[in-house]
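One file, model.pdb, is given below (PDB, C-alpha atoms).
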```
ATOM      1  CA  MET P 777       0.000   0.000   0.000  1.00  0.00           C
ATOM      2  CA  LEU P 778       1.270   3.500  -0.890  1.00  0.00           C
ATOM      3  CA  ALA P 779       0.416   6.877   0.644  1.00  0.00           C
ATOM      4  CA  CYS P 780      -0.333  10.093  -1.214  1.00  0.00           C
ATOM      5  CA  LYS P 781       2.290  12.736  -0.405  1.00  0.00           C
ATOM      6  CA  LYS P 782      -0.366  15.439  -0.604  1.00  0.00           C
ATOM      7  CA  CYS P 783      -3.534  14.122   1.038  1.00  0.00           C
ATOM      8  CA  MET P 784      -2.060  11.005   2.733  1.00  0.00           C
ATOM      9  CA  PHE P 785      -4.730   8.712   1.265  1.00  0.00           C
ATOM     10  CA  LEU P 786      -3.594   5.072   1.194  1.00  0.00           C
ATOM     11  CA  THR P 787      -4.004   3.245  -2.088  1.00  0.00           C
ATOM     12  CA  ASP P 788      -2.713   0.357  -4.180  1.00  0.00           C
ATOM     13  CA  GLN P 789      -3.037   2.374  -7.396  1.00  0.00           C
ATOM     14  CA  ASP P 790      -0.318   4.313  -9.280  1.00  0.00           C
ATOM     15  CA  LYS P 791      -1.747   7.776  -8.570  1.00  0.00           C
ATOM     16  CA  CYS P 792      -3.825   9.041  -5.684  1.00  0.00           C
ATOM     17  CA  PRO P 793      -7.483   8.416  -6.640  1.00  0.00           C
ATOM     18  CA  LEU P 794      -8.549  11.385  -4.494  1.00  0.00           C
ATOM     19  CA  CYS P 795      -6.209  14.198  -5.553  1.00  0.00           C
ATOM     20  CA  GLY P 796      -3.955  12.687  -8.236  1.00  0.00           C
ATOM     21  CA  GLY P 797      -0.884  13.350  -6.087  1.00  0.00           C
ATOM     22  CA  ASP P 798       2.368  11.381  -6.122  1.00  0.00           C
ATOM     23  CA  LEU P 799       2.628   8.355  -3.872  1.00  0.00           C
ATOM     24  CA  SER P 800       5.241   7.267  -1.373  1.00  0.00           C
ATOM     25  CA  LYS P 801       5.963   3.876   0.134  1.00  0.00           C
ATOM     26  CA  GLU P 802       7.407   5.528   3.229  1.00  0.00           C
ATOM     27  CA  TRP P 803       4.510   6.249   5.528  1.00  0.00           C
ATOM     28  CA  GLN P 804       3.628   5.736   9.156  1.00  0.00           C
ATOM     29  CA  GLY P 805       0.546   5.419  11.314  1.00  0.00           C
ATOM     30  CA  MET P 806      -2.932   4.768  10.008  1.00  0.00           C
ATOM     31  CA  LEU P 807      -6.244   6.548  10.184  1.00  0.00           C
ATOM     32  CA  VAL P 808      -9.361   4.759   8.943  1.00  0.00           C
ATOM     33  CA  ILE P 809     -12.219   7.160   8.275  1.00  0.00           C
ATOM     34  CA  LEU P 810     -15.574   5.379   8.164  1.00  0.00           C
ATOM     35  CA  ASP P 811     -17.939   8.350   8.392  1.00  0.00           C
ATOM     36  CA  TRP P 812     -16.188  11.604   7.491  1.00  0.00           C
ATOM     37  CA  GLU P 813     -19.330  13.667   7.944  1.00  0.00           C
ATOM     38  CA  THR P 814     -19.712  12.644  11.597  1.00  0.00           C
ATOM     39  CA  SER P 815     -16.054  12.120  12.529  1.00  0.00           C
ATOM     40  CA  LYS P 816     -14.448  14.911  14.550  1.00  0.00           C
ATOM     41  CA  VAL P 817     -11.039  13.476  13.689  1.00  0.00           C
ATOM     42  CA  ALA P 818     -11.832  13.800   9.953  1.00  0.00           C
ATOM     43  CA  GLU P 819     -12.993  17.373  10.534  1.00  0.00           C
ATOM     44  CA  HIS P 820      -9.813  18.140  12.480  1.00  0.00           C
ATOM     45  CA  MET P 821      -7.668  16.685   9.692  1.00  0.00           C
ATOM     46  CA  GLY P 822      -9.674  18.344   6.914  1.00  0.00           C
ATOM     47  CA  ILE P 823     -10.630  14.961   5.455  1.00  0.00           C
ATOM     48  CA  ARG P 824     -13.720  14.841   3.263  1.00  0.00           C
ATOM     49  CA  ALA P 825     -13.760  11.241   2.036  1.00  0.00           C
ATOM     50  CA  ASN P 826     -13.939   7.884   3.749  1.00  0.00           C
ATOM     51  CA  GLY P 827     -10.974   5.553   3.420  1.00  0.00           C
ATOM     52  CA  LYS P 828      -7.570   4.766   4.851  1.00  0.00           C
ATOM     53  CA  TYR P 829      -4.991   7.506   5.433  1.00  0.00           C
ATOM     54  CA  ALA P 830      -1.417   7.591   6.692  1.00  0.00           C
ATOM     55  CA  LEU P 831      -0.611   9.870   9.631  1.00  0.00           C
ATOM     56  CA  LYS P 832       2.822  10.692   8.309  1.00  0.00           C
ATOM     57  CA  VAL P 833       4.255  10.480   4.796  1.00  0.00           C
ATOM     58  CA  ARG P 834       7.866  11.020   3.788  1.00  0.00           C
TER      59      ARG P 834
ATOM     60  CA  MET Z1110     -32.118 -13.470  26.798  1.00  0.00           C
ATOM     61  CA  GLU Z1111     -31.501 -11.515  23.635  1.00  0.00           C
ATOM     62  CA  GLU Z1112     -27.945 -11.081  22.528  1.00  0.00           C
ATOM     63  CA  ASP Z1113     -26.673  -8.247  20.336  1.00  0.00           C
ATOM     64  CA  LYS Z1114     -25.286 -10.407  17.535  1.00  0.00           C
ATOM     65  CA  GLU Z1115     -24.761  -7.548  15.143  1.00  0.00           C
ATOM     66  CA  GLY Z1116     -22.094  -5.799  17.177  1.00  0.00           C
ATOM     67  CA  GLY Z1117     -23.822  -2.497  17.683  1.00  0.00           C
ATOM     68  CA  GLY Z1118     -25.586  -2.273  14.373  1.00  0.00           C
ATOM     69  CA  GLU Z1119     -29.180  -2.182  15.464  1.00  0.00           C
ATOM     70  CA  ALA Z1120     -30.936   0.659  17.146  1.00  0.00           C
ATOM     71  CA  THR Z1121     -31.369   0.041  20.839  1.00  0.00           C
ATOM     72  CA  GLY Z1122     -33.172   3.275  21.544  1.00  0.00           C
ATOM     73  CA  GLN Z1123     -30.382   4.174  23.951  1.00  0.00           C
ATOM     74  CA  GLU Z1124     -27.989   6.997  23.075  1.00  0.00           C
ATOM     75  CA  PHE Z1125     -24.271   6.599  23.594  1.00  0.00           C
ATOM     76  CA  PRO Z1126     -21.760   9.439  23.767  1.00  0.00           C
ATOM     77  CA  HIS Z1127     -19.699  10.305  20.688  1.00  0.00           C
ATOM     78  CA  THR Z1128     -16.210   9.959  22.076  1.00  0.00           C
ATOM     79  CA  ILE Z1129     -12.767   8.432  21.616  1.00  0.00           C
ATOM     80  CA  PHE Z1130     -11.707   5.311  23.462  1.00  0.00           C
ATOM     81  CA  ALA Z1131      -8.944   2.728  23.199  1.00  0.00           C
ATOM     82  CA  ILE Z1132      -8.578  -0.956  22.506  1.00  0.00           C
ATOM     83  CA  LYS Z1133      -5.549  -3.027  23.374  1.00  0.00           C
ATOM     84  CA  THR Z1134      -3.866  -4.918  20.535  1.00  0.00           C
ATOM     85  CA  ALA Z1135      -0.912  -7.217  20.038  1.00  0.00           C
ATOM     86  CA  LEU Z1136       2.315  -5.237  19.600  1.00  0.00           C
ATOM     87  CA  GLY Z1137       3.129  -4.497  15.974  1.00  0.00           C
ATOM     88  CA  HIS Z1138      -0.356  -5.345  14.702  1.00  0.00           C
ATOM     89  CA  GLU Z1139      -2.041  -1.997  15.319  1.00  0.00           C
ATOM     90  CA  LYS Z1140      -2.514  -1.196  11.607  1.00  0.00           C
ATOM     91  CA  THR Z1141      -3.838  -4.679  10.834  1.00  0.00           C
ATOM     92  CA  VAL Z1142      -6.382  -4.300  13.634  1.00  0.00           C
ATOM     93  CA  ALA Z1143      -7.396  -0.827  12.390  1.00  0.00           C
ATOM     94  CA  GLU Z1144      -7.940  -2.146   8.842  1.00  0.00           C
ATOM     95  CA  ASN Z1145      -9.804  -5.288   9.916  1.00  0.00           C
ATOM     96  CA  LEU Z1146     -11.928  -3.426  12.420  1.00  0.00           C
ATOM     97  CA  GLY Z1147     -12.799  -0.851   9.759  1.00  0.00           C
ATOM     98  CA  GLN Z1148     -14.029  -3.589   7.414  1.00  0.00           C
ATOM     99  CA  LYS Z1149     -15.932  -5.423  10.159  1.00  0.00           C
ATOM    100  CA  SER Z1150     -17.463  -2.216  11.427  1.00  0.00           C
ATOM    101  CA  LYS Z1151     -18.754  -1.365   7.930  1.00  0.00           C
ATOM    102  CA  ARG Z1152     -20.152  -4.876   7.516  1.00  0.00           C
ATOM    103  CA  LYS Z1153     -21.927  -4.819  10.852  1.00  0.00           C
ATOM    104  CA  GLY Z1154     -23.014  -1.192  10.667  1.00  0.00           C
ATOM    105  CA  ALA Z1155     -21.350  -0.377  13.983  1.00  0.00           C
ATOM    106  CA  HIS Z1156     -21.355   3.222  15.127  1.00  0.00           C
ATOM    107  CA  ILE Z1157     -17.657   3.851  14.571  1.00  0.00           C
ATOM    108  CA  PHE Z1158     -16.607   7.006  12.735  1.00  0.00           C
ATOM    109  CA  SER Z1159     -12.843   6.645  12.637  1.00  0.00           C
ATOM    110  CA  ILE Z1160     -10.047   4.350  13.796  1.00  0.00           C
ATOM    111  CA  ILE Z1161      -6.586   5.654  14.592  1.00  0.00           C
ATOM    112  CA  ALA Z1162      -3.388   3.605  14.793  1.00  0.00           C
ATOM    113  CA  PRO Z1163      -0.720   6.132  15.841  1.00  0.00           C
ATOM    114  CA  THR Z1164       2.894   5.116  15.345  1.00  0.00           C
ATOM    115  CA  LYS Z1165       3.894   6.243  18.807  1.00  0.00           C
ATOM    116  CA  LEU Z1166       1.144   4.404  20.646  1.00  0.00           C
ATOM    117  CA  ARG Z1167       2.273   0.814  20.502  1.00  0.00           C
ATOM    118  CA  GLY Z1168      -0.181  -1.868  21.516  1.00  0.00           C
ATOM    119  CA  TYR Z1169      -3.259   0.337  21.282  1.00  0.00           C
ATOM    120  CA  VAL Z1170      -5.710   1.520  18.644  1.00  0.00           C
ATOM    121  CA  LEU Z1171      -7.989   4.501  19.225  1.00  0.00           C
ATOM    122  CA  ILE Z1172     -11.608   4.411  18.156  1.00  0.00           C
ATOM    123  CA  GLU Z1173     -13.858   7.389  17.590  1.00  0.00           C
ATOM    124  CA  GLY Z1174     -17.488   6.450  17.863  1.00  0.00           C
ATOM    125  CA  GLU Z1175     -20.383   5.848  20.160  1.00  0.00           C
ATOM    126  CA  LYS Z1176     -19.076   4.298  23.343  1.00  0.00           C
ATOM    127  CA  ASN Z1177     -21.298   1.294  23.815  1.00  0.00           C
ATOM    128  CA  ASP Z1178     -19.087  -1.195  25.672  1.00  0.00           C
ATOM    129  CA  LYS Z1179     -21.375  -4.182  25.166  1.00  0.00           C
ATOM    130  CA  ALA Z1180     -21.726  -3.670  21.406  1.00  0.00           C
ATOM    131  CA  MET Z1181     -18.017  -2.953  21.079  1.00  0.00           C
ATOM    132  CA  GLU Z1182     -17.007  -6.109  22.960  1.00  0.00           C
ATOM    133  CA  GLU Z1183     -19.315  -8.083  20.684  1.00  0.00           C
ATOM    134  CA  LEU Z1184     -17.718  -6.466  17.618  1.00  0.00           C
ATOM    135  CA  LEU Z1185     -14.184  -7.183  18.841  1.00  0.00           C
ATOM    136  CA  LYS Z1186     -14.961 -10.782  19.763  1.00  0.00           C
ATOM    137  CA  GLY Z1187     -12.878 -13.261  17.776  1.00  0.00           C
ATOM    138  CA  MET Z1188     -10.796 -10.575  16.057  1.00  0.00           C
ATOM    139  CA  GLN Z1189      -7.182 -11.508  15.520  1.00  0.00           C
ATOM    140  CA  TYR Z1190      -4.581  -9.454  17.455  1.00  0.00           C
ATOM    141  CA  VAL Z1191      -7.252  -7.709  19.563  1.00  0.00           C
ATOM    142  CA  ARG Z1192      -6.626  -7.991  23.283  1.00  0.00           C
ATOM    143  CA  GLY Z1193      -9.781  -6.223  24.408  1.00  0.00           C
ATOM    144  CA  LEU Z1194     -11.463  -2.959  25.110  1.00  0.00           C
ATOM    145  CA  VAL Z1195      -9.825  -0.552  27.522  1.00  0.00           C
ATOM    146  CA  GLY Z1196     -12.809  -0.406  29.796  1.00  0.00           C
ATOM    147  CA  GLY Z1197     -14.059   1.777  32.551  1.00  0.00           C
ATOM    148  CA  GLU Z1198     -15.015   5.388  32.161  1.00  0.00           C
ATOM    149  CA  LEU Z1199     -11.869   6.237  30.238  1.00  0.00           C
ATOM    150  CA  THR Z1200     -12.730   8.421  27.283  1.00  0.00           C
ATOM    151  CA  ILE Z1201     -10.342  10.664  25.417  1.00  0.00           C
ATOM    152  CA  SER Z1202     -10.936  14.128  23.993  1.00  0.00           C
ATOM    153  CA  ILE Z1203      -9.674  15.092  20.537  1.00  0.00           C
ATOM    154  CA  ASP Z1204      -7.272  17.596  22.154  1.00  0.00           C
ATOM    155  CA  GLU Z1205      -5.543  14.736  23.945  1.00  0.00           C
ATOM    156  CA  ILE Z1206      -4.851  12.849  20.708  1.00  0.00           C
ATOM    157  CA  GLU Z1207      -3.995  15.892  18.597  1.00  0.00           C
ATOM    158  CA  HIS Z1208      -0.274  15.210  18.863  1.00  0.00           C
ATOM    159  CA  TYR Z1209      -0.801  11.738  17.414  1.00  0.00           C
ATOM    160  CA  LEU Z1210      -2.622  13.200  14.408  1.00  0.00           C
ATOM    161  CA  GLU Z1211      -0.095  15.910  13.596  1.00  0.00           C
ATOM    162  CA  PRO Z1212       3.262  14.543  14.594  1.00  0.00           C
ATOM    163  CA  LYS Z1213       5.947  17.223  14.671  1.00  0.00           C
ATOM    164  CA  PRO Z1214       8.891  16.713  12.298  1.00  0.00           C
ATOM    165  CA  ILE Z1215      10.969  13.763  13.392  1.00  0.00           C
ATOM    166  CA  VAL Z1216      14.209  15.771  13.391  1.00  0.00           C
ATOM    167  CA  ALA Z1217      12.733  18.790  15.244  1.00  0.00           C
ATOM    168  CA  ASP Z1218      14.269  17.708  18.551  1.00  0.00           C
ATOM    169  CA  ILE Z1219      17.713  16.943  17.138  1.00  0.00           C
ATOM    170  CA  THR Z1220      20.503  19.518  16.926  1.00  0.00           C
ATOM    171  CA  GLU Z1221      23.924  19.357  15.293  1.00  0.00           C
ATOM    172  CA  GLY Z1222      26.435  18.155  17.880  1.00  0.00           C
ATOM    173  CA  ASP Z1223      23.933  16.001  19.805  1.00  0.00           C
ATOM    174  CA  ILE Z1224      25.092  12.566  20.818  1.00  0.00           C
ATOM    175  CA  VAL Z1225      22.653   9.913  19.687  1.00  0.00           C
ATOM    176  CA  GLU Z1226      22.185   6.186  19.854  1.00  0.00           C
ATOM    177  CA  ILE Z1227      21.131   4.448  16.647  1.00  0.00           C
ATOM    178  CA  ILE Z1228      18.076   2.337  17.410  1.00  0.00           C
ATOM    179  CA  ASN Z1229      17.596   0.353  14.207  1.00  0.00           C
ATOM    180  CA  GLY Z1230      19.301  -0.690  10.993  1.00  0.00           C
ATOM    181  CA  PRO Z1231      22.818  -2.100  10.544  1.00  0.00           C
ATOM    182  CA  PHE Z1232      24.312   0.345  13.081  1.00  0.00           C
ATOM    183  CA  LYS Z1233      21.781  -0.442  15.810  1.00  0.00           C
ATOM    184  CA  GLY Z1234      23.235   0.148  19.271  1.00  0.00           C
ATOM    185  CA  GLU Z1235      26.097   2.368  18.016  1.00  0.00           C
ATOM    186  CA  LYS Z1236      26.636   5.830  19.437  1.00  0.00           C
ATOM    187  CA  ALA Z1237      27.290   8.747  17.143  1.00  0.00           C
ATOM    188  CA  ARG Z1238      27.526  12.537  16.957  1.00  0.00           C
ATOM    189  CA  VAL Z1239      25.102  14.463  14.733  1.00  0.00           C
ATOM    190  CA  LYS Z1240      26.969  16.366  12.013  1.00  0.00           C
ATOM    191  CA  GLN Z1241      24.189  17.539   9.733  1.00  0.00           C
ATOM    192  CA  ILE Z1242      20.391  17.628   9.645  1.00  0.00           C
ATOM    193  CA  ASP Z1243      18.176  17.564   6.557  1.00  0.00           C
ATOM    194  CA  THR Z1244      14.770  18.680   7.825  1.00  0.00           C
ATOM    195  CA  GLY Z1245      13.064  18.228   4.435  1.00  0.00           C
ATOM    196  CA  LYS Z1246      14.114  14.628   4.037  1.00  0.00           C
ATOM    197  CA  GLU Z1247      13.996  14.044   7.802  1.00  0.00           C
ATOM    198  CA  GLU Z1248      17.472  12.576   7.629  1.00  0.00           C
ATOM    199  CA  ILE Z1249      20.547  13.185   9.745  1.00  0.00           C
ATOM    200  CA  THR Z1250      24.202  12.637   9.014  1.00  0.00           C
ATOM    201  CA  VAL Z1251      26.188  11.227  11.919  1.00  0.00           C
ATOM    202  CA  GLU Z1252      29.727  10.139  12.668  1.00  0.00           C
ATOM    203  CA  LEU Z1253      29.982   6.868  14.530  1.00  0.00           C
ATOM    204  CA  PHE Z1254      32.167   6.899  17.674  1.00  0.00           C
ATOM    205  CA  GLU Z1255      33.342   3.313  17.308  1.00  0.00           C
ATOM    206  CA  ALA Z1256      34.357   3.550  13.655  1.00  0.00           C
ATOM    207  CA  MET Z1257      38.093   3.267  12.949  1.00  0.00           C
ATOM    208  CA  VAL Z1258      37.839   5.878  10.247  1.00  0.00           C
ATOM    209  CA  SER Z1259      35.402   8.739  10.592  1.00  0.00           C
ATOM    210  CA  ILE Z1260      32.903   8.238   7.788  1.00  0.00           C
ATOM    211  CA  PRO Z1261      29.671  10.239   7.745  1.00  0.00           C
ATOM    212  CA  VAL Z1262      26.599   8.037   7.660  1.00  0.00           C
ATOM    213  CA  THR Z1263      23.195   9.386   6.649  1.00  0.00           C
ATOM    214  CA  ILE Z1264      20.218   7.780   8.381  1.00  0.00           C
ATOM    215  CA  LYS Z1265      16.535   8.491   8.951  1.00  0.00           C
ATOM    216  CA  GLY Z1266      15.765  10.876  11.805  1.00  0.00           C
ATOM    217  CA  ASP Z1267      13.546   8.332  13.536  1.00  0.00           C
ATOM    218  CA  SER Z1268      16.384   5.805  13.667  1.00  0.00           C
ATOM    219  CA  VAL Z1269      18.060   7.570  16.581  1.00  0.00           C
ATOM    220  CA  ARG Z1270      17.463   8.407  20.211  1.00  0.00           C
ATOM    221  CA  VAL Z1271      19.145  11.536  21.604  1.00  0.00           C
ATOM    222  CA  LEU Z1272      21.444  10.624  24.499  1.00  0.00           C
ATOM    223  CA  GLU Z1273      23.148  13.958  25.158  1.00  0.00           C
ATOM    224  CA  ARG Z1274      22.250  17.387  23.932  1.00  0.00           C
ATOM    225  CA  GLU Z1275      24.841  19.725  22.534  1.00  0.00           C
ATOM    226  CA  ASP Z1276      25.535  22.612  24.950  1.00  0.00           C
ATOM    227  CA  ARG Z1277      23.488  25.336  23.293  1.00  0.00           C
ATOM    228  CA  HIS Z1278      24.739  28.420  25.171  1.00  0.00           C
TER     229      HIS Z1278
END
```
Structure re-expressed in structure tokens:
Amino acid sequence: MLACKKCMFLTDQDKCPLCGGDLSKEWQGMLVILDWETSKVAEHMGIRANGKYALKVR
Amino acid sequence: MEEDKEGGGEATGQEFPHTIFAIKTALGHEKTVAENLGQKSKRKGAHIFSIIAPTKLRGYVLIEGEKNDKAMEELLKGMQYVRGLVGGELTISIDEIEHYLEPKPIVADITEGDIVEIINGPFKGEKARVKQIDTGKEEITVELFEAMVSIPVTIKGDSVRVLEREDRH
């Protein structure tokens, strides 16, 4: 799994499906957003889509 | 007696607080638990909004959702690497976990001249002095104390633990 350097979305694709950003294999931590509209964590992080995110990307 | 087989999916009529709480996991399997719990939660329609597996919180995963202990225990039952719900009245505010969500740069606490111990990789256990810091790449260049010839080695900033700080006055 790779992480987007821009929005930190985790994906197995070649480009970030959310923002089209470049991907990195060096990432740490994980955040799984299941309901971005209700989640205070998603609001805090500025996340507006459900899915898996890294907490840190190099 | 009726059992909640759906792990929190059905409406019970009772309202539970939207909060953050923790579950204990096997060390090193925090991300696996977060992923699996996310899938199971979706399947069962549990009232979980996000799951956080911070790097610096080993052996625990944080869950944001409605704190219904009974439904949560049912959901966690049989899950690999899950060691159980951290029970009691312990709930966590978002302010308390903020530092896990926005970790400061790994090299922020390291200064040139600091003496560090290398904690992983081929030089694990070696002591070294920091010669250069690359904040962008989060890498540091060190010189190993034990080396016969002083060769600078560049390693990741999270591969070291600061032992002694350079005198900064």
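Applied to this file, the PyMOL selection byres ((chain P and resi 828) around 9) selects the residues Met784, Phe785, Leu786, Thr787, Met806, Leu807, Val808, Ile809, Leu810, Asn826, Gly827, Tyr829 and Ala830 of chain P; Glu1144 of chain Z.
You will find CA of Ala1155 in chain Z at 24.1 Å from CA of Tyr1209 in chain Z.
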Against chain Z, which residues of chain P fall within 9 Å? For each one I want the closest pair of atoms and the distance in Å (one decimal), counting all atoms listed in the file, rows by chain and increasing residue number, as CSV.
```
residue,atom,partner,partner_atom,distance
P:Gln804,CA,Z:Thr1164,CA,6.3
P:Gly805,CA,Z:Thr1164,CA,4.7
P:Met806,CA,Z:Ala1162,CA,4.9
P:Leu807,CA,Z:Ile1161,CA,4.5
P:Val808,CA,Z:Ile1160,CA,4.9
P:Ile809,CA,Z:Ser1159,CA,4.4
P:Leu810,CA,Z:Phe1158,CA,5.0
P:Asp811,CA,Z:Phe1158,CA,4.7
P:Trp812,CA,Z:Phe1158,CA,7.0
P:Glu813,CA,Z:Phe1158,CA,8.6
P:Thr814,CA,Z:Phe1158,CA,6.5
P:Ser815,CA,Z:Phe1158,CA,5.1
P:Lys816,CA,Z:Ile1203,CA,7.7
P:Val817,CA,Z:Ser1159,CA,7.1
P:Ala818,CA,Z:Ser1159,CA,7.7
P:His820,CA,Z:Ile1203,CA,8.6
P:Met821,CA,Z:Leu1210,CA,7.7
P:Lys828,CA,Z:Glu1144,CA,8.0
P:Leu831,CA,Z:Leu1210,CA,6.2
P:Lys832,CA,Z:Pro1212,CA,7.4
P:Arg834,CA,Z:Lys1246,CA,7.2
```
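Of the listed residues Z:Arg1167, Z:Lys1236, Z:His1208, Z:Arg1152, the one whose atoms come nearest to Lys1133 in chain Z is Z:Arg1167, with distances taken using only C-alpha atoms.
Put simply, the PyMOL selection byres ((chain Z and resi 1268) around 6) on this file hits Ile1227, Ile1228, Asn1229, Lys1265, Gly1266, Asp1267 and Val1269 of chain Z.
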Around (-14.6, -1.7, 30.2) in the file's own coordinates, what residues are found within 12 Å if you use all atoms listed in the file, given back as a PDB file with C-alpha atoms, keeping the file's coordinate frame?
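Contents of the output file part-v7.pdb:
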```pdb
ATOM      1  CA  PHE Z1130     -11.707   5.311  23.462  1.00  0.00           C
ATOM      2  CA  ALA Z1131      -8.944   2.728  23.199  1.00  0.00           C
ATOM      3  CA  ILE Z1132      -8.578  -0.956  22.506  1.00  0.00           C
ATOM      4  CA  LYS Z1133      -5.549  -3.027  23.374  1.00  0.00           C
ATOM      5  CA  LYS Z1176     -19.076   4.298  23.343  1.00  0.00           C
ATOM      6  CA  ASN Z1177     -21.298   1.294  23.815  1.00  0.00           C
ATOM      7  CA  ASP Z1178     -19.087  -1.195  25.672  1.00  0.00           C
ATOM      8  CA  LYS Z1179     -21.375  -4.182  25.166  1.00  0.00           C
ATOM      9  CA  ALA Z1180     -21.726  -3.670  21.406  1.00  0.00           C
ATOM     10  CA  MET Z1181     -18.017  -2.953  21.079  1.00  0.00           C
ATOM     11  CA  GLU Z1182     -17.007  -6.109  22.960  1.00  0.00           C
ATOM     12  CA  GLY Z1193      -9.781  -6.223  24.408  1.00  0.00           C
ATOM     13  CA  LEU Z1194     -11.463  -2.959  25.110  1.00  0.00           C
ATOM     14  CA  VAL Z1195      -9.825  -0.552  27.522  1.00  0.00           C
ATOM     15  CA  GLY Z1196     -12.809  -0.406  29.796  1.00  0.00           C
ATOM     16  CA  GLY Z1197     -14.059   1.777  32.551  1.00  0.00           C
ATOM     17  CA  GLU Z1198     -15.015   5.388  32.161  1.00  0.00           C
ATOM     18  CA  LEU Z1199     -11.869   6.237  30.238  1.00  0.00           C
ATOM     19  CA  THR Z1200     -12.730   8.421  27.283  1.00  0.00           C
TER      20      THR Z1200
END
```
What would the selection look like, as a PyMOL selection string, if the PyMOL selection byres ((chain P and resi 789) around 10) were run on the coordinates I just shared? chain P and resi 777-779+786-788+790-793+799
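For the pair CA of Arg1274 in chain Z and CA of Thr1220 in chain Z, the separation is 7.5 Å.
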Taking 3 positions as the minimum chain separation for residues in the same chain, which residues sit within 9 Å of Met1188 in chain Z when counting only C-alpha atoms? Answer as a PyMOL selection string. chain Z and resi 1142+1145-1146+1184-1185+1191-1192
With C-alpha atoms kept, could you save the residues just selected as an mmCIF file, in the frame of the given file?
```cif
data_model
loop_
_atom_site.group_PDB
_atom_site.id
_atom_site.type_symbol
_atom_site.label_atom_id
_atom_site.label_comp_id
_atom_site.auth_asym_id
_atom_site.auth_seq_id
_atom_site.Cartn_x
_atom_site.Cartn_y
_atom_site.Cartn_z
ATOM 1 C CA VAL Z 1142 -6.382 -4.300 13.634
ATOM 2 C CA ASN Z 1145 -9.804 -5.288 9.916
ATOM 3 C CA LEU Z 1146 -11.928 -3.426 12.420
ATOM 4 C CA LEU Z 1184 -17.718 -6.466 17.618
ATOM 5 C CA LEU Z 1185 -14.184 -7.183 18.841
ATOM 6 C CA VAL Z 1191 -7.252 -7.709 19.563
ATOM 7 C CA ARG Z 1192 -6.626 -7.991 23.283
#
```
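Here CA of Gly822 in chain P is placed at a distance of 18.7 Å from CA of Trp803 in chain P.
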